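Asker: Quick one, protein_25.pdb (PDB, C-alpha atoms):
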ATOM      1  CA  MET A   1       7.450-102.411  19.953
ATOM      2  CA  SER A   2       4.345-104.472  20.539
ATOM      3  CA  ASP A   3       4.499-108.121  21.537
ATOM      4  CA  SER A   4       3.144-109.142  18.140
ATOM      5  CA  ALA A   5       5.974-107.453  16.242
ATOM      6  CA  SER A   6       9.148-109.408  15.688
ATOM      7  CA  PRO A   7      12.110-107.852  17.472
ATOM      8  CA  ARG A   8      14.629-106.049  15.303
ATOM      9  CA  GLU A   9      18.270-107.025  15.406
ATOM     10  CA  GLN A  10      19.207-103.392  15.927
ATOM     11  CA  PRO A  11      16.921-100.909  17.711
ATOM     12  CA  VAL A  12      16.011 -97.953  15.499
ATOM     13  CA  VAL A  13      16.215 -94.403  16.859
ATOM     14  CA  LEU A  14      14.901 -91.313  15.092
ATOM     15  CA  ALA A  15      17.117 -88.263  15.689
ATOM     16  CA  ALA A  16      15.788 -84.843  14.650
ATOM     17  CA  ASP A  17      17.631 -81.538  14.998
ATOM     18  CA  ASP A  18      18.053 -78.598  12.633
ATOM     19  CA  ASP A  19      21.604 -77.993  13.944
ATOM     20  CA  GLU A  20      23.750 -80.273  11.766
ATOM     21  CA  ASP A  21      26.607 -80.436  14.315
ATOM     22  CA  ILE A  22      24.305 -81.572  17.120
ATOM     23  CA  LEU A  23      22.501 -84.006  14.830
ATOM     24  CA  ASP A  24      25.839 -85.503  13.750
ATOM     25  CA  LEU A  25      26.919 -85.854  17.400
ATOM     26  CA  VAL A  26      23.667 -87.590  18.357
ATOM     27  CA  VAL A  27      23.844 -89.918  15.333
ATOM     28  CA  PHE A  28      27.526 -90.734  15.921
ATOM     29  CA  ARG A  29      27.018 -91.542  19.616
ATOM     30  CA  LEU A  30      23.929 -93.674  19.066
ATOM     31  CA  GLU A  31      25.389 -95.561  16.103
ATOM     32  CA  ARG A  32      28.503 -96.336  18.179
ATOM     33  CA  SER A  33      26.161 -97.697  20.845
ATOM     34  CA  GLY A  34      24.622-100.162  18.399
ATOM     35  CA  TYR A  35      21.509 -98.330  17.212
ATOM     36  CA  ARG A  36      20.381 -97.734  13.641
ATOM     37  CA  VAL A  37      19.649 -94.013  13.431
ATOM     38  CA  LEU A  38      17.240 -92.207  11.133
ATOM     39  CA  LYS A  39      18.196 -88.537  10.610
ATOM     40  CA  ALA A  40      15.737 -85.675  10.195
ATOM     41  CA  HIS A  41      16.564 -81.968   9.858
ATOM     42  CA  ASP A  42      13.134 -80.561  10.739
ATOM     43  CA  GLY A  43       9.916 -81.609  12.387
ATOM     44  CA  ALA A  44       8.022 -82.383   9.176
ATOM     45  CA  GLU A  45      10.786 -84.676   7.924
ATOM     46  CA  ALA A  46      10.881 -86.377  11.347
ATOM     47  CA  LEU A  47       7.123 -86.988  11.304
ATOM     48  CA  GLU A  48       7.322 -88.481   7.818
ATOM     49  CA  LEU A  49      10.211 -90.788   8.800
ATOM     50  CA  ALA A  50       8.526 -91.835  12.053
ATOM     51  CA  LEU A  51       5.310 -92.819  10.308
ATOM     52  CA  ALA A  52       7.150 -94.653   7.519
ATOM     53  CA  GLU A  53       9.628 -96.578   9.703
ATOM     54  CA  VAL A  54       8.095 -96.558  13.229
ATOM     55  CA  PRO A  55      11.349 -96.311  15.204
ATOM     56  CA  ASP A  56      11.804 -97.775  18.672
ATOM     57  CA  LEU A  57      12.537 -94.324  20.163
ATOM     58  CA  ALA A  58      12.859 -90.687  19.053
ATOM     59  CA  VAL A  59      15.298 -87.981  20.172
ATOM     60  CA  LEU A  60      13.793 -84.659  19.088
ATOM     61  CA  ASP A  61      15.040 -81.099  19.273
ATOM     62  CA  VAL A  62      12.385 -78.694  20.531
ATOM     63  CA  MET A  63      13.222 -75.694  18.341
ATOM     64  CA  MET A  64      13.019 -76.942  14.734
ATOM     65  CA  PRO A  65      11.529 -75.478  11.569
ATOM     66  CA  LYS A  66       8.219 -76.676  10.083
ATOM     67  CA  LEU A  67       7.117 -78.511  13.270
ATOM     68  CA  ASP A  68       8.671 -77.816  16.653
ATOM     69  CA  GLY A  69       9.413 -80.693  19.018
ATOM     70  CA  PHE A  70       6.315 -80.048  21.148
ATOM     71  CA  GLU A  71       3.933 -80.199  18.165
ATOM     72  CA  LEU A  72       5.805 -83.147  16.666
ATOM     73  CA  THR A  73       5.472 -85.027  19.969
ATOM     74  CA  ARG A  74       1.717 -84.309  20.053
ATOM     75  CA  ARG A  75       1.303 -85.555  16.471
ATOM     76  CA  LEU A  76       3.326 -88.708  17.132
ATOM     77  CA  ARG A  77       1.165 -89.436  20.197
ATOM     78  CA  ALA A  78      -1.975 -88.982  18.075
ATOM     79  CA  GLU A  79      -0.917 -91.611  15.505
ATOM     80  CA  ALA A  80      -1.705 -95.240  16.346
ATOM     81  CA  ALA A  81       1.633 -96.508  14.987
ATOM     82  CA  THR A  82       3.758 -94.117  17.082
ATOM     83  CA  SER A  83       1.508 -93.395  20.068
ATOM     84  CA  ARG A  84       3.593 -95.541  22.446
ATOM     85  CA  MET A  85       7.042 -94.772  21.002
ATOM     86  CA  PRO A  86       9.304 -93.276  23.703
ATOM     87  CA  ILE A  87      10.298 -89.661  23.000
ATOM     88  CA  ILE A  88      13.245 -87.746  24.452
ATOM     89  CA  LEU A  89      13.196 -83.995  23.900
ATOM     90  CA  LEU A  90      16.601 -82.344  23.509
ATOM     91  CA  THR A  91      16.770 -78.594  23.887
ATOM     92  CA  ALA A  92      18.498 -75.471  25.077
ATOM     93  CA  ARG A  93      15.093 -74.249  26.352
ATOM     94  CA  ALA A  94      15.730 -75.243  29.937
ATOM     95  CA  GLN A  95      13.099 -73.228  31.782
ATOM     96  CA  ASP A  96      10.842 -75.292  34.047
ATOM     97  CA  ALA A  97       7.812 -74.178  32.002
ATOM     98  CA  ASP A  98       9.419 -75.570  28.828
ATOM     99  CA  VAL A  99      10.188 -78.879  30.522
ATOM    100  CA  GLN A 100       6.593 -79.076  31.784
ATOM    101  CA  ARG A 101       5.294 -78.245  28.293
ATOM    102  CA  GLY A 102       7.397 -81.094  26.876
ATOM    103  CA  PHE A 103       5.982 -83.608  29.332
ATOM    104  CA  GLU A 104       2.447 -82.321  28.719
ATOM    105  CA  ALA A 105       2.966 -82.877  24.977
ATOM    106  CA  GLY A 106       3.796 -86.501  25.756
ATOM    107  CA  ALA A 107       7.587 -86.664  26.056
ATOM    108  CA  ASP A 108       9.095 -89.446  28.175
ATOM    109  CA  ASP A 109      12.316 -87.615  29.012
ATOM    110  CA  TYR A 110      13.978 -84.232  28.562
ATOM    111  CA  ILE A 111      17.690 -83.558  28.094
ATOM    112  CA  ARG A 112      19.043 -80.028  28.325
ATOM    113  CA  LYS A 113      21.694 -78.716  25.910
ATOM    114  CA  PRO A 114      24.606 -78.688  26.189
ATOM    115  CA  PHE A 115      24.409 -82.393  26.939
ATOM    116  CA  SER A 116      26.855 -85.194  27.538
ATOM    117  CA  PRO A 117      26.825 -87.799  24.741
ATOM    118  CA  ASP A 118      27.246 -90.446  27.455
ATOM    119  CA  GLU A 119      24.153 -89.148  29.267
ATOM    120  CA  LEU A 120      22.181 -89.342  26.011
ATOM    121  CA  ARG A 121      23.323 -92.932  25.433
ATOM    122  CA  ALA A 122      22.490 -93.895  29.019
ATOM    123  CA  ARG A 123      18.989 -92.404  28.858
ATOM    124  CA  VAL A 124      18.243 -94.074  25.509
ATOM    125  CA  GLN A 125      19.451 -97.417  26.875
ATOM    126  CA  ALA A 126      17.433 -96.974  30.075
ATOM    127  CA  ILE A 127      14.206 -96.241  28.198
ATOM    128  CA  LEU A 128      14.653 -99.032  25.646
ATOM    129  CA  GLY A 129      15.653-101.440  28.421
ATOM    130  CA  ARG A 130      12.286-100.888  30.159
ATOM    131  CA  ARG A 131      10.310-101.970  27.106
TER
END
Represent the structure contained in this file as structure tokens.
Answerer:
Amino acid sequence: MSDSASPREQPVVLAADDDEDILDLVVFRLERSGYRVLKAHDGAEALELALAEVPDLAVLDVMMPKLDGFELTRRLRAEAATSRMPIILLTARAQDADVQRGFEAGADDYIRKPFSPDELRARVQAILGRR
């Protein structure tokens, strides 16, 4: 958030994944850690939510319908309102080339599936704590 914006009581995290079980796990873990979580089931829904609500951070699956996580990250970086929002990509695509592609798209961090919910919480807290 910018210095001119008033701080929110609860940080808002956008979570986007087309796998309902993974999305529920991410939402559950982040809500238990004190975040308000916006849920999206595909990249287009995530983009719409991000532009409407401007979350403090986004956790995005790479392989989603409508817009994949790489393209979604590029579009979020291109929008003034979300250009500085931290983005964590979450994916089973763990090849070095995929990780590099994620960072080139503008991601701040990359978590490989299967992931530890505690690792996710720690990375979200670390990124939001630096802001």
Asker: Have a look at A:Arg84, A:Gln125, A:Asp24, A:Thr73 and name the one nearest to A:Glu104; count only C-alpha atoms.
Answerer: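 Nearest candidate to A:Glu104 out of A:Arg84, A:Gln125, A:Asp24, A:Thr73: A:Thr73.
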Asker: Hey, which of A:Leu120, A:Asp17, A:Leu47, A:Gly102 ends up closest to A:Glu79? Count all atoms listed in the file.
Answerer: A:Leu47
Asker: For A:Glu71, please output as a VMD selection string all residues within 10 Å (counting all atoms listed in the file; exclusion window: fewer than 3 positions along the same chain).
Answerer: chain A and resid 43 62 66 to 68 74 to 77 102 105 to 106
Asker: Please report the interatomic distance between atom CA of A:Pro114 and atom CA of A:Gly34 in Å with one decimal.
Answerer: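 Result for atom CA of A:Pro114 versus atom CA of A:Gly34: 22.8 Å, one decimal.
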Asker: Considering only C-alpha atoms, state which residue in the set A:Val54, A:Leu49, A:Arg121, A:Ile127 is at the smallest distance from A:Arg29.
Answerer: A:Arg121
Asker: Written as an NGL selection string, which residues does the PyMOL selection byres ((chain A and resi 87-91) around 8) give for the file shown?
Answerer: :A and (57-63 or 69 or 73 or 85-86 or 92-94 or 102 or 106-113)
Asker: What gap, in Å, lies between atom CA of A:Arg123 and atom CA of A:Val37?
Answerer: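 Atom CA of A:Arg123 sits 15.5 Å away from atom CA of A:Val37.
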